[in-house]
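Chemist: File work.cif follows (mmCIF, C-alpha atoms):
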```
data_upload
#
loop_
_atom_site.group_PDB
_atom_site.id
_atom_site.type_symbol
_atom_site.label_atom_id
_atom_site.label_comp_id
_atom_site.auth_asym_id
_atom_site.auth_seq_id
_atom_site.Cartn_x
_atom_site.Cartn_y
_atom_site.Cartn_z
ATOM 1 C CA MET A 541 -45.410 -57.478 -8.923
ATOM 2 C CA ALA A 542 -41.881 -56.219 -9.655
ATOM 3 C CA LYS A 543 -39.036 -58.674 -9.127
ATOM 4 C CA VAL A 544 -36.152 -57.461 -6.976
ATOM 5 C CA LEU A 545 -32.780 -57.800 -8.723
ATOM 6 C CA LEU A 546 -30.543 -56.008 -6.196
ATOM 7 C CA ASP A 547 -31.309 -56.000 -2.463
ATOM 8 C CA ILE A 548 -28.828 -54.033 -0.344
ATOM 9 C CA LYS A 549 -29.139 -53.830 3.442
ATOM 10 C CA ASN A 550 -26.923 -51.784 5.790
ATOM 11 C CA LEU A 551 -23.946 -51.942 3.448
ATOM 12 C CA SER A 552 -20.736 -50.214 4.544
ATOM 13 C CA LYS A 553 -17.209 -49.942 3.180
ATOM 14 C CA THR A 554 -14.148 -49.000 5.230
ATOM 15 C CA TYR A 555 -10.544 -48.760 4.088
ATOM 16 C CA VAL A 556 -7.769 -49.247 6.641
ATOM 17 C CA SER A 557 -4.198 -48.100 6.021
ATOM 18 C CA GLY A 558 -2.052 -48.362 9.151
ATOM 19 C CA ASP A 559 -3.752 -46.222 11.779
ATOM 20 C CA LEU A 560 -5.878 -44.424 9.198
ATOM 21 C CA VAL A 561 -9.476 -45.637 8.939
ATOM 22 C CA THR A 562 -11.631 -44.157 6.158
ATOM 23 C CA GLU A 563 -15.362 -44.818 6.008
ATOM 24 C CA VAL A 564 -16.376 -44.497 2.361
ATOM 25 C CA LEU A 565 -19.896 -45.977 2.554
ATOM 26 C CA LYS A 566 -22.109 -45.927 5.640
ATOM 27 C CA ASP A 567 -25.256 -47.960 6.220
ATOM 28 C CA ILE A 568 -26.498 -48.054 2.602
ATOM 29 C CA SER A 569 -29.870 -49.735 2.003
ATOM 30 C CA PHE A 570 -32.043 -49.834 -1.148
ATOM 31 C CA GLN A 571 -33.476 -52.154 -3.781
ATOM 32 C CA VAL A 572 -33.425 -52.161 -7.577
ATOM 33 C CA ASN A 573 -36.111 -54.054 -9.465
ATOM 34 C CA THR A 574 -35.624 -55.911 -12.719
ATOM 35 C CA GLY A 575 -36.180 -53.533 -15.621
ATOM 36 C CA GLU A 576 -35.550 -50.316 -13.688
ATOM 37 C CA PHE A 577 -33.350 -47.454 -14.895
ATOM 38 C CA VAL A 578 -31.712 -45.929 -11.814
ATOM 39 C CA SER A 579 -29.187 -43.087 -11.546
ATOM 40 C CA ILE A 580 -26.741 -43.014 -8.651
ATOM 41 C CA MET A 581 -25.767 -39.387 -8.347
ATOM 42 C CA GLY A 582 -23.290 -37.514 -6.196
ATOM 43 C CA PRO A 583 -20.288 -35.179 -6.256
ATOM 44 C CA SER A 584 -16.696 -36.367 -6.520
ATOM 45 C CA GLY A 585 -15.742 -38.172 -3.313
ATOM 46 C CA SER A 586 -19.331 -38.989 -2.363
ATOM 47 C CA GLY A 587 -18.778 -42.753 -2.545
ATOM 48 C CA LYS A 588 -20.874 -43.398 -5.660
ATOM 49 C CA SER A 589 -18.028 -45.078 -7.591
ATOM 50 C CA THR A 590 -17.161 -47.330 -4.645
ATOM 51 C CA LEU A 591 -20.831 -48.252 -4.394
ATOM 52 C CA MET A 592 -20.886 -49.147 -8.104
ATOM 53 C CA HIS A 593 -17.772 -51.306 -7.700
ATOM 54 C CA ILE A 594 -19.438 -53.249 -4.888
ATOM 55 C CA LEU A 595 -22.755 -53.599 -6.730
ATOM 56 C CA GLY A 596 -20.825 -54.675 -9.840
ATOM 57 C CA LEU A 597 -18.965 -57.371 -7.849
ATOM 58 C CA LEU A 598 -15.600 -55.692 -8.465
ATOM 59 C CA GLU A 599 -14.939 -55.439 -4.733
ATOM 60 C CA ARG A 600 -16.577 -56.525 -1.497
ATOM 61 C CA SER A 601 -18.280 -54.486 1.199
ATOM 62 C CA SER A 602 -16.895 -54.358 4.743
ATOM 63 C CA SER A 603 -20.289 -55.158 6.257
ATOM 64 C CA GLY A 604 -23.931 -55.474 5.359
ATOM 65 C CA ILE A 605 -25.908 -57.812 3.104
ATOM 66 C CA TYR A 606 -25.998 -57.740 -0.684
ATOM 67 C CA ASN A 607 -28.319 -60.081 -2.550
ATOM 68 C CA PHE A 608 -28.004 -60.204 -6.338
ATOM 69 C CA ALA A 609 -30.846 -62.054 -8.100
ATOM 70 C CA GLY A 610 -31.506 -63.934 -4.862
ATOM 71 C CA LYS A 611 -27.859 -64.855 -4.222
ATOM 72 C CA ASN A 612 -26.134 -63.626 -1.068
ATOM 73 C CA ILE A 613 -22.884 -62.208 -2.427
ATOM 74 C CA GLY A 614 -21.163 -62.755 0.917
ATOM 75 C CA ASP A 615 -21.544 -66.521 0.455
ATOM 76 C CA LEU A 616 -19.654 -66.596 -2.868
ATOM 77 C CA ASN A 617 -15.915 -67.088 -3.336
ATOM 78 C CA ASP A 618 -13.849 -65.025 -5.783
ATOM 79 C CA GLU A 619 -14.217 -67.518 -8.631
ATOM 80 C CA GLU A 620 -17.991 -67.645 -8.202
ATOM 81 C CA LEU A 621 -18.129 -63.841 -8.115
ATOM 82 C CA ALA A 622 -16.097 -63.608 -11.336
ATOM 83 C CA HIS A 623 -18.432 -66.070 -13.073
ATOM 84 C CA LEU A 624 -21.548 -64.218 -11.908
ATOM 85 C CA ARG A 625 -20.058 -60.894 -12.996
ATOM 86 C CA ASN A 626 -19.176 -62.234 -16.454
ATOM 87 C CA GLN A 627 -22.584 -63.784 -17.041
ATOM 88 C CA LYS A 628 -24.945 -61.280 -15.437
ATOM 89 C CA ILE A 629 -23.304 -57.836 -15.503
ATOM 90 C CA GLY A 630 -22.096 -55.517 -18.255
ATOM 91 C CA PHE A 631 -19.954 -52.407 -17.693
ATOM 92 C CA VAL A 632 -19.651 -49.157 -19.619
ATOM 93 C CA PHE A 633 -16.899 -46.861 -18.313
ATOM 94 C CA GLN A 634 -16.085 -43.191 -18.922
ATOM 95 C CA ALA A 635 -12.626 -44.104 -20.278
ATOM 96 C CA PHE A 636 -14.080 -46.777 -22.654
ATOM 97 C CA ASN A 637 -11.405 -49.362 -21.596
ATOM 98 C CA LEU A 638 -10.980 -50.701 -25.118
ATOM 99 C CA LEU A 639 -7.874 -52.460 -26.439
ATOM 100 C CA ALA A 640 -6.284 -49.877 -28.768
ATOM 101 C CA ARG A 641 -4.638 -52.051 -31.440
ATOM 102 C CA THR A 642 -7.522 -54.491 -31.584
ATOM 103 C CA SER A 643 -10.468 -54.471 -33.952
ATOM 104 C CA VAL A 644 -13.901 -53.299 -32.888
ATOM 105 C CA LEU A 645 -15.217 -56.838 -33.398
ATOM 106 C CA ASP A 646 -12.514 -58.416 -31.223
ATOM 107 C CA ASN A 647 -13.036 -55.827 -28.480
ATOM 108 C CA VAL A 648 -16.700 -56.779 -28.292
ATOM 109 C CA LYS A 649 -15.885 -60.498 -28.300
ATOM 110 C CA LEU A 650 -13.582 -60.168 -25.276
ATOM 111 C CA PRO A 651 -16.174 -61.069 -22.567
ATOM 112 C CA LEU A 652 -17.103 -64.189 -24.560
ATOM 113 C CA ILE A 653 -13.545 -65.491 -24.329
ATOM 114 C CA TYR A 654 -13.961 -65.733 -20.541
ATOM 115 C CA SER A 655 -17.506 -67.059 -20.794
ATOM 116 C CA THR A 656 -18.648 -70.662 -20.555
ATOM 117 C CA ASN A 657 -20.638 -70.128 -23.760
ATOM 118 C CA LYS A 658 -18.178 -69.579 -26.612
ATOM 119 C CA LYS A 659 -20.540 -70.574 -29.432
ATOM 120 C CA ASN A 660 -20.944 -68.272 -32.441
ATOM 121 C CA MET A 661 -18.783 -65.528 -30.935
ATOM 122 C CA ASP A 662 -18.360 -63.561 -34.170
ATOM 123 C CA GLU A 663 -22.065 -63.719 -34.941
ATOM 124 C CA ARG A 664 -23.068 -62.577 -31.464
ATOM 125 C CA ALA A 665 -20.569 -59.708 -31.504
ATOM 126 C CA ARG A 666 -21.749 -58.572 -34.939
ATOM 127 C CA LYS A 667 -25.370 -58.644 -33.762
ATOM 128 C CA VAL A 668 -24.800 -56.313 -30.799
ATOM 129 C CA LEU A 669 -22.591 -54.001 -32.871
ATOM 130 C CA LYS A 670 -25.414 -53.713 -35.384
ATOM 131 C CA SER A 671 -27.813 -52.880 -32.532
ATOM 132 C CA VAL A 672 -25.699 -49.821 -31.634
ATOM 133 C CA GLY A 673 -25.237 -48.781 -35.272
ATOM 134 C CA LEU A 674 -21.629 -49.875 -35.722
ATOM 135 C CA ASP A 675 -21.842 -52.851 -38.072
ATOM 136 C CA HIS A 676 -19.849 -50.755 -40.607
ATOM 137 C CA ARG A 677 -16.876 -50.475 -38.196
ATOM 138 C CA LEU A 678 -16.180 -54.165 -37.488
ATOM 139 C CA SER A 679 -12.615 -54.261 -38.818
ATOM 140 C CA TYR A 680 -11.545 -50.819 -37.598
ATOM 141 C CA PHE A 681 -9.105 -50.624 -34.701
ATOM 142 C CA SER A 682 -10.605 -48.900 -31.674
ATOM 143 C CA ASN A 683 -8.040 -46.083 -31.970
ATOM 144 C CA GLN A 684 -9.372 -45.328 -35.478
ATOM 145 C CA ILE A 685 -12.897 -44.372 -34.398
ATOM 146 C CA SER A 686 -14.437 -41.358 -32.634
ATOM 147 C CA GLY A 687 -15.114 -41.043 -28.912
ATOM 148 C CA GLY A 688 -18.838 -41.525 -29.391
ATOM 149 C CA GLU A 689 -18.214 -44.644 -31.461
ATOM 150 C CA LYS A 690 -15.815 -45.963 -28.810
ATOM 151 C CA GLN A 691 -18.520 -45.642 -26.183
ATOM 152 C CA ARG A 692 -20.985 -47.466 -28.437
ATOM 153 C CA VAL A 693 -18.403 -50.253 -28.829
ATOM 154 C CA ALA A 694 -18.172 -50.361 -25.028
ATOM 155 C CA ILE A 695 -21.973 -50.669 -24.821
ATOM 156 C CA ALA A 696 -21.921 -53.493 -27.378
ATOM 157 C CA ARG A 697 -19.221 -55.250 -25.344
ATOM 158 C CA ALA A 698 -21.375 -54.867 -22.219
ATOM 159 C CA LEU A 699 -24.325 -56.421 -24.069
ATOM 160 C CA VAL A 700 -22.624 -59.358 -25.769
ATOM 161 C CA ASN A 701 -23.269 -61.819 -22.921
ATOM 162 C CA ASP A 702 -26.900 -60.658 -22.626
ATOM 163 C CA PRO A 703 -26.465 -59.513 -18.985
ATOM 164 C CA ALA A 704 -29.262 -58.916 -16.514
ATOM 165 C CA LEU A 705 -27.764 -55.585 -15.463
ATOM 166 C CA ILE A 706 -25.700 -52.849 -17.125
ATOM 167 C CA PHE A 707 -23.625 -50.328 -15.164
ATOM 168 C CA ALA A 708 -22.787 -47.094 -16.970
ATOM 169 C CA ASP A 709 -20.141 -45.138 -15.029
ATOM 170 C CA GLU A 710 -20.090 -41.485 -16.240
ATOM 171 C CA PRO A 711 -20.643 -42.792 -19.812
ATOM 172 C CA THR A 712 -20.893 -39.291 -21.316
ATOM 173 C CA GLY A 713 -17.969 -37.778 -19.394
ATOM 174 C CA ASN A 714 -15.456 -37.947 -22.272
ATOM 175 C CA LEU A 715 -17.913 -37.172 -25.062
ATOM 176 C CA ASP A 716 -19.187 -34.105 -26.879
ATOM 177 C CA SER A 717 -22.834 -33.214 -26.277
ATOM 178 C CA LYS A 718 -24.201 -34.834 -29.453
ATOM 179 C CA SER A 719 -22.367 -38.129 -28.829
ATOM 180 C CA GLY A 720 -23.498 -38.019 -25.189
ATOM 181 C CA VAL A 721 -27.134 -37.843 -26.266
ATOM 182 C CA GLN A 722 -26.630 -40.837 -28.580
ATOM 183 C CA VAL A 723 -25.222 -42.898 -25.689
ATOM 184 C CA ILE A 724 -28.047 -41.949 -23.311
ATOM 185 C CA GLN A 725 -30.568 -42.706 -26.063
ATOM 186 C CA ILE A 726 -29.114 -46.201 -26.502
ATOM 187 C CA LEU A 727 -29.305 -46.807 -22.733
ATOM 188 C CA GLN A 728 -32.954 -45.697 -22.664
ATOM 189 C CA GLU A 729 -33.776 -47.940 -25.615
ATOM 190 C CA LEU A 730 -32.115 -50.891 -23.874
ATOM 191 C CA ASN A 731 -34.146 -50.169 -20.757
ATOM 192 C CA ALA A 732 -37.342 -49.995 -22.831
ATOM 193 C CA ARG A 733 -36.501 -53.528 -24.025
ATOM 194 C CA GLY A 734 -36.277 -54.739 -20.423
ATOM 195 C CA LYS A 735 -32.625 -54.245 -19.456
ATOM 196 C CA THR A 736 -31.895 -53.029 -15.943
ATOM 197 C CA ILE A 737 -29.620 -49.979 -16.082
ATOM 198 C CA ILE A 738 -27.680 -48.269 -13.296
ATOM 199 C CA LEU A 739 -26.167 -44.960 -14.401
ATOM 200 C CA VAL A 740 -23.504 -43.357 -12.202
ATOM 201 C CA THR A 741 -23.133 -39.613 -12.751
ATOM 202 C CA HIS A 742 -22.500 -36.274 -11.047
ATOM 203 C CA GLU A 743 -24.699 -34.363 -13.512
ATOM 204 C CA THR A 744 -28.357 -33.655 -12.705
ATOM 205 C CA PHE A 745 -29.327 -33.289 -16.373
ATOM 206 C CA THR A 746 -27.895 -36.713 -17.238
ATOM 207 C CA ALA A 747 -29.375 -38.352 -14.120
ATOM 208 C CA GLU A 748 -32.865 -37.137 -15.048
ATOM 209 C CA HIS A 749 -32.899 -39.495 -18.041
ATOM 210 C CA ALA A 750 -33.410 -42.346 -15.532
ATOM 211 C CA GLN A 751 -36.666 -43.298 -13.818
ATOM 212 C CA ARG A 752 -35.258 -42.803 -10.340
ATOM 213 C CA ILE A 753 -32.335 -40.955 -8.727
ATOM 214 C CA ILE A 754 -30.446 -42.160 -5.660
ATOM 215 C CA GLN A 755 -28.339 -39.297 -4.302
ATOM 216 C CA VAL A 756 -25.209 -40.141 -2.329
ATOM 217 C CA HIS A 757 -23.309 -37.655 -0.180
ATOM 218 C CA ASP A 758 -20.444 -38.379 2.219
ATOM 219 C CA GLY A 759 -21.021 -42.100 1.873
ATOM 220 C CA ARG A 760 -24.724 -42.041 2.755
ATOM 221 C CA ILE A 761 -27.953 -42.052 0.746
ATOM 222 C CA VAL A 762 -29.539 -38.646 1.253
ATOM 223 C CA SER A 763 -32.371 -39.016 -1.262
ATOM 224 C CA ASP A 764 -34.070 -41.779 -3.265
ATOM 225 C CA LYS A 765 -36.858 -40.456 -5.473
ATOM 226 C CA ALA A 766 -38.638 -41.128 -8.742
ATOM 227 C CA VAL A 767 -37.901 -38.608 -11.513
ATOM 228 C CA LYS A 768 -41.047 -36.492 -11.895
ATOM 229 C CA ASN A 769 -40.248 -35.021 -15.309
ATOM 230 C CA ARG A 770 -38.066 -37.669 -16.890
ATOM 231 C CA ARG A 771 -35.980 -36.594 -19.873
ATOM 232 C CA PHE A 772 -35.810 -38.628 -23.075
ATOM 233 C CA ALA A 773 -32.771 -38.357 -25.336
ATOM 234 C CA LYS A 774 -33.496 -37.606 -28.992
ATOM 235 C CA ASP A 775 -31.343 -37.363 -32.112
ATOM 236 C CA GLY A 776 -30.058 -33.853 -32.656
ATOM 237 C CA GLU A 777 -30.315 -32.884 -28.968
ATOM 238 C CA LEU A 778 -27.342 -31.740 -26.931
ATOM 239 C CA LEU A 779 -26.529 -32.746 -23.371
ATOM 240 C CA LYS A 780 -26.715 -29.575 -21.265
#
```
So, in terms of structure tokens, how does the structure I just supplied come out?

Modeler:
Amino acid sequence: MAKVLLDIKNLSKTYVSGDLVTEVLKDISFQVNTGEFVSIMGPSGSGKSTLMHILGLLERSSSGIYNFAGKNIGDLNDEELAHLRNQKIGFVFQAFNLLARTSVLDNVKLPLIYSTNKKNMDERARKVLKSVGLDHRLSYFSNQISGGEKQRVAIARALVNDPALIFADEPTGNLDSKSGVQVIQILQELNARGKTIILVTHETFTAEHAQRIIQVHDGRIVSDKAVKNRRFAKDGELLK
């Protein structure tokens, strides 16, 4: 029987600025099992990025219940949330978010600096860089490598603490088609090895590389279905 990793019930998010009240998420409920590859899909302004921020423990919901690996997130203080995020979650962003005048190796080591386990940091960083095919770029600064390589560095950084869950927020948005395929292929390979992946995208073609698509529109889930004809990224393909 599949083990539930994320359990979200009636989650909502409202922003208040003076007299202006904006409902961004409304009554969101779903589950994600350990080892699933799920796409959260929706147009700009749909609420999908806000949902990812809440699921990734970057901000809190206004109401509802969110259980992560059996922990009620509402019961945790900010320090406990930060620790859980560092240990259990990895992030891959569209803009890479790398330190420009810092080596590839040191960029990947960054999460370990804030971790309770600081043993063998160089060795662990080298291992994950090798897993994404970048062991030949260790000493390069991140502003000396291509966009596709930057995103693979970001994936390595997300992996270095061996998280339970990886969020990929529009990971192909700043890449050419060939580099985009390489990134999606890495995410699928990680999922095949048991990693839980949540991919946030506005592109149907990209979303169909997941096992399941949750569609968000105007802050609500409008569809949650398995992908019937799942796509698999291959070398030499182009993202359409």

Chemist: So which one's closest to Leu645 of chain A, A:His757, A:His742, A:Lys667, A:Lys553? Using all atoms listed in the file, please.

Modeler: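 Answer, going by the shortest atom-to-atom distance: A:Lys667.
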
Chemist: Go through segment 596-712 of chain A and flag each residue having an atom no more than 8 Å from segment 719-738 of chain A; for those, report the closest pair of atoms plus their distance in Å to one decimal, using only C-alpha atoms, ordered by chain and rising number, as a tab-separated table.

Modeler:
```
residue	atom	partner	partner_atom	distance
A:Val672	CA	A:Ile726	CA	7.1
A:Gly687	CA	A:Ser719	CA	7.8
A:Gly688	CA	A:Ser719	CA	4.9
A:Gln691	CA	A:Val723	CA	7.3
A:Arg692	CA	A:Val723	CA	6.8
A:Ala704	CA	A:Lys735	CA	6.5
A:Leu705	CA	A:Thr736	CA	4.9
A:Ile706	CA	A:Ile737	CA	5.0
A:Phe707	CA	A:Ile738	CA	4.9
A:Ala708	CA	A:Ile738	CA	6.2
A:Pro711	CA	A:Val723	CA	7.5
A:Thr712	CA	A:Gly720	CA	4.8
```

Chemist: For the selection just defined, write its residues with C-alpha atoms to a file, as a CSV table (one decimal), keeping the file's coordinate frame.

Modeler:
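Once everything was written out, this is selection_7.csv:
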```csv
chain,number,residue,atom,x,y,z
A,672,VAL,CA,-25.7,-49.8,-31.6
A,687,GLY,CA,-15.1,-41.0,-28.9
A,688,GLY,CA,-18.8,-41.5,-29.4
A,691,GLN,CA,-18.5,-45.6,-26.2
A,692,ARG,CA,-21.0,-47.5,-28.4
A,704,ALA,CA,-29.3,-58.9,-16.5
A,705,LEU,CA,-27.8,-55.6,-15.5
A,706,ILE,CA,-25.7,-52.8,-17.1
A,707,PHE,CA,-23.6,-50.3,-15.2
A,708,ALA,CA,-22.8,-47.1,-17.0
A,711,PRO,CA,-20.6,-42.8,-19.8
A,712,THR,CA,-20.9,-39.3,-21.3
```

Chemist: So which residues get picked by the PyMOL selection byres ((chain A and resi 770) around 9) here, written as a list in words?

Modeler: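 On this input, the PyMOL selection byres ((chain A and resi 770) around 9) captures Glu748, His749, Ala750, Gln751, Arg752, Ala766, Val767, Lys768, Asn769, Arg771 and Phe772 of chain A.
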
Chemist: For a test of reading the model, state the distance in Å between atom CA of Glu620 of chain A and atom CA of Gly596 of chain A, rounded to one decimal.

Modeler: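 Calculated distance between atom CA of Glu620 of chain A and atom CA of Gly596 of chain A is 13.4 Å.
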
Chemist: Have a look at atom CA of His676 of chain A and atom CA of Glu689 of chain A and let me know their distance in Å, one decimal.

Modeler: 11.1 Å

Chemist: For the atom pair atom CA of Ile605 of chain A and atom CA of Met592 of chain A, what is the interatomic distance in Å to one decimal place?

Modeler: 15.0 Å
